[in-house]
Amino acid sequence: MGRQMTEKELLAGFDQALAESHIFVCYQPKMNHTTGRMIGAEALMRWNDPVNGLQFPSDFIPVLERNDLIHLADLHVFEEVCKFQKMILAEGGSAVPISFNMSRHDIIHEGYVDRIEKLRLKYDIPVKLLHVEITESSAIGGMELVTNVLDKLHSLGYKVEMDDFGSGYSSLNVLKDLDVDVIKLDMRFLSGDIGGRGGTIISSIVQMTKWLNTPVVAEGVETIEQADYMKSIGCSYIQGYLYSKPVTAEEFKEKLRRTDHEPAAPAMDLISTMDAGKFWDPNSLETLIFNNYVGGAAIFRYQNGKVDILRINQKYMKEIGMNMTEKEILCSDPLETLDDDNRRILMNTLKRAAESYDEESCETWRTVCSKICGEDRICVRSDIRMIGKAQDEYIYYAMVRNITSEKKHVIAVEESERKFRMASEHANVYAWEYIFATKQMRPCFRCIRDLGVPPVVYNYPKPLFDSGIFPRDYEDMYYKMLKDLENGAEKAEAVIPLTVGRVPFHVRYTTEFDENGKPLKAYGSATLVVD
Ligand code: C2E
Ligand code: CA
Ligand code: CA
């Protein structure tokens, strides 16, 4: 380790450092921890000054970035990588993909991608042997530029790895919006113990990325415990001091010769820690079941009062999609469909789910608009479970059901009951309801006022026979009538002399059934027989 050079010294020596390869490349293998095979490597820049000794990227890269020189150094690294791959291929060895770092400054640089592509063609390296690493923070200051560069790289066939995922720049948002091929999780961004809070976050990110079907490489892995933990949550791809520090080209070539390789299979041999992990693979049995035999489901993110839908299944669209496209749903803010009361209900449920780590449920009315259906109000039942948490960011999994018609039915029944009660006040009618399950009878106001019936009659109809409102000789007949109703008869009627005065009344019953067709209540009325 040499003396750290000043900015002035670095700038003064830069051209010569490039020309004389004082700036050179080290390689760090990426391994499959399950098989022990190599799946690739990362190229890392070094500067060995003849006078001051080895300089580290953290010291000189910011200087080069500030002075708009980093793209020259990065092109040099890229060319060195091409030469290395060329040598391996020329010697008949088997090569692995090597990733190179693309700085935010390179992305801004006009024509940078064209220049690397030109070099690749010059050395005639298959594009699959060159991966690009871009950092999550490249998205700072707008996605558009990164998206354009990413599209360009993809159109040329480069695989793109998202570097330093989780380092902070609203990770899940970036992940959702950037179509990367591999995600690199840096273990050094983890605070606390593995398996503890940090572990939970990592585990839920790995879970997330699996839903997005993107393989994960864990980097900065120094201990076997870290590697085993990552493997246990379904991430076998490891880069770090545990397997190897970055080594010189010669040493790496030797490692390459001695170690078996394998291609990194996209999300293939990842161990599923939760069946939901496979839900998003369009070709899995889970997806078939999920889409056909399970109801609507969504994964969404909650942060600072905002809800962001990340994934939905086909049934979700059928249940509450109102003919919207998947894209329209993903771009919509569900909170905007709720009024204040319903929003409060949902928020409370999210809060409960975050506290209980358990499934919590709620029913909310939403106003949904769509081009085809226009505006409509629907009632949604949601069973919600928190599946991940990082600082103020919460990830939830929700099973949803459109219960509008059930709700409307209940409301309609309540409404007709209310009307019926009101009408009976005006007509010469006594009315009541009888609940089969509890044998309770609830009389109308007139029954209470005129006949002295209590507001709730338990063990109906016995007390009414006891008090003489119903005559004893009609006991068998009346019990049989109630039994018939309880057994499913929709209606019943009879003329019964009521009260001690034995005044003939026409008694009628109508049954209300629950959604399974089971008798719930009978509505009774008694009208005076006049003639
Ligand atoms: P990075 O891209 O995240 O690279 C990984 C860094 O982690 C490397 O540091 C590597 O040596 C280090 N590392 C790998 N395994 C372990 C481990 O188990 N424990 C610890 N503590 N560290 C580990 P390095 O080589 O010092 O590079 C630092 C950063 O400099 C890189 O972070 C990257 O952002 C930048 N960099 C390196 N080479 C290049 C390059 O060619 N171009 C550009 N633009 N940036 C580069
Ligand atoms: Ca990197
Ligand atoms: Ca990194």
# chains A, B, ... in the order shown; residues from 1 in each chain; ligands from 1
>>> residues_near_ligand(ligand="ligand 1", cutoff="9 Å", atoms="only C-alpha atoms and all ligand atoms", output="ChimeraX atom specification")
/A:24-28,42-46,56-62,65,70-71,73-78,100-106,133-135,163-164,184,186-188,219-223,239-246
>>> closest_residue(among="A:Ala398, A:Ala95, A:Val132, A:Leu72", to="ligand 2", atoms="only C-alpha atoms and all ligand atoms")
A:Val132
>>> residues_around(residues="Asp333 in chain A", least_positions_apart="3", cutoff="9 Å", atoms="only C-alpha atoms", output="MDAnalysis selection string")
chainID A and resid 306:309 329:330 336:337
>>> decode(residues="range 58-72 of chain A", atoms="N, CA, C and O atoms", output="PDB file, in the first residue's frame")
ATOM      1  N   SER A  58     -11.765   4.171  -4.304  1.00  0.00           N
ATOM      2  CA  SER A  58     -12.485   5.159  -3.481  1.00  0.00           C
ATOM      3  C   SER A  58     -11.719   6.480  -3.414  1.00  0.00           C
ATOM      4  O   SER A  58     -12.308   7.525  -3.141  1.00  0.00           O
ATOM      5  N   ASP A  59     -10.395   6.433  -3.661  1.00  0.00           N
ATOM      6  CA  ASP A  59      -9.609   7.664  -3.615  1.00  0.00           C
ATOM      7  C   ASP A  59      -9.533   8.350  -4.974  1.00  0.00           C
ATOM      8  O   ASP A  59      -9.653   9.561  -5.062  1.00  0.00           O
ATOM      9  N   PHE A  60      -9.327   7.575  -6.037  1.00  0.00           N
ATOM     10  CA  PHE A  60      -9.100   8.262  -7.309  1.00  0.00           C
ATOM     11  C   PHE A  60     -10.334   8.358  -8.209  1.00  0.00           C
ATOM     12  O   PHE A  60     -10.416   9.255  -9.038  1.00  0.00           O
ATOM     13  N   ILE A  61     -11.307   7.450  -8.045  1.00  0.00           N
ATOM     14  CA  ILE A  61     -12.478   7.522  -8.938  1.00  0.00           C
ATOM     15  C   ILE A  61     -13.272   8.823  -8.745  1.00  0.00           C
ATOM     16  O   ILE A  61     -13.611   9.472  -9.733  1.00  0.00           O
ATOM     17  N   PRO A  62     -13.533   9.254  -7.503  1.00  0.00           N
ATOM     18  CA  PRO A  62     -14.239  10.542  -7.357  1.00  0.00           C
ATOM     19  C   PRO A  62     -13.490  11.700  -8.019  1.00  0.00           C
ATOM     20  O   PRO A  62     -14.115  12.592  -8.583  1.00  0.00           O
ATOM     21  N   VAL A  63     -12.157  11.652  -7.972  1.00  0.00           N
ATOM     22  CA  VAL A  63     -11.364  12.710  -8.618  1.00  0.00           C
ATOM     23  C   VAL A  63     -11.587  12.679 -10.135  1.00  0.00           C
ATOM     24  O   VAL A  63     -11.825  13.715 -10.767  1.00  0.00           O
ATOM     25  N   LEU A  64     -11.536  11.473 -10.699  1.00  0.00           N
ATOM     26  CA  LEU A  64     -11.740  11.350 -12.144  1.00  0.00           C
ATOM     27  C   LEU A  64     -13.160  11.770 -12.528  1.00  0.00           C
ATOM     28  O   LEU A  64     -13.369  12.387 -13.567  1.00  0.00           O
ATOM     29  N   GLU A  65     -14.120  11.449 -11.668  1.00  0.00           N
ATOM     30  CA  GLU A  65     -15.510  11.840 -11.947  1.00  0.00           C
ATOM     31  C   GLU A  65     -15.656  13.358 -11.941  1.00  0.00           C
ATOM     32  O   GLU A  65     -16.262  13.930 -12.845  1.00  0.00           O
ATOM     33  N   ARG A  66     -15.081  13.969 -10.930  1.00  0.00           N
ATOM     34  CA  ARG A  66     -15.163  15.439 -10.832  1.00  0.00           C
ATOM     35  C   ARG A  66     -14.562  16.129 -12.034  1.00  0.00           C
ATOM     36  O   ARG A  66     -14.992  17.202 -12.419  1.00  0.00           O
ATOM     37  N   ASN A  67     -13.560  15.496 -12.610  1.00  0.00           N
ATOM     38  CA  ASN A  67     -12.837  16.157 -13.701  1.00  0.00           C
ATOM     39  C   ASN A  67     -13.204  15.597 -15.075  1.00  0.00           C
ATOM     40  O   ASN A  67     -12.463  15.780 -16.044  1.00  0.00           O
ATOM     41  N   ASP A  68     -14.323  14.922 -15.117  1.00  0.00           N
ATOM     42  CA  ASP A  68     -14.845  14.408 -16.386  1.00  0.00           C
ATOM     43  C   ASP A  68     -13.835  13.524 -17.130  1.00  0.00           C
ATOM     44  O   ASP A  68     -13.674  13.623 -18.343  1.00  0.00           O
ATOM     45  N   LEU A  69     -13.141  12.694 -16.365  1.00  0.00           N
ATOM     46  CA  LEU A  69     -12.157  11.789 -16.977  1.00  0.00           C
ATOM     47  C   LEU A  69     -12.546  10.322 -16.805  1.00  0.00           C
ATOM     48  O   LEU A  69     -11.929   9.446 -17.416  1.00  0.00           O
ATOM     49  N   ILE A  70     -13.565  10.065 -15.995  1.00  0.00           N
ATOM     50  CA  ILE A  70     -13.861   8.672 -15.642  1.00  0.00           C
ATOM     51  C   ILE A  70     -14.212   7.834 -16.874  1.00  0.00           C
ATOM     52  O   ILE A  70     -13.846   6.663 -16.955  1.00  0.00           O
ATOM     53  N   HIS A  71     -14.868   8.448 -17.852  1.00  0.00           N
ATOM     54  CA  HIS A  71     -15.258   7.651 -19.024  1.00  0.00           C
ATOM     55  C   HIS A  71     -14.020   7.129 -19.762  1.00  0.00           C
ATOM     56  O   HIS A  71     -14.052   6.035 -20.309  1.00  0.00           O
ATOM     57  N   LEU A  72     -12.931   7.903 -19.722  1.00  0.00           N
ATOM     58  CA  LEU A  72     -11.698   7.437 -20.379  1.00  0.00           C
ATOM     59  C   LEU A  72     -11.122   6.231 -19.631  1.00  0.00           C
ATOM     60  O   LEU A  72     -10.710   5.237 -20.241  1.00  0.00           O
TER      61      LEU A  72
END
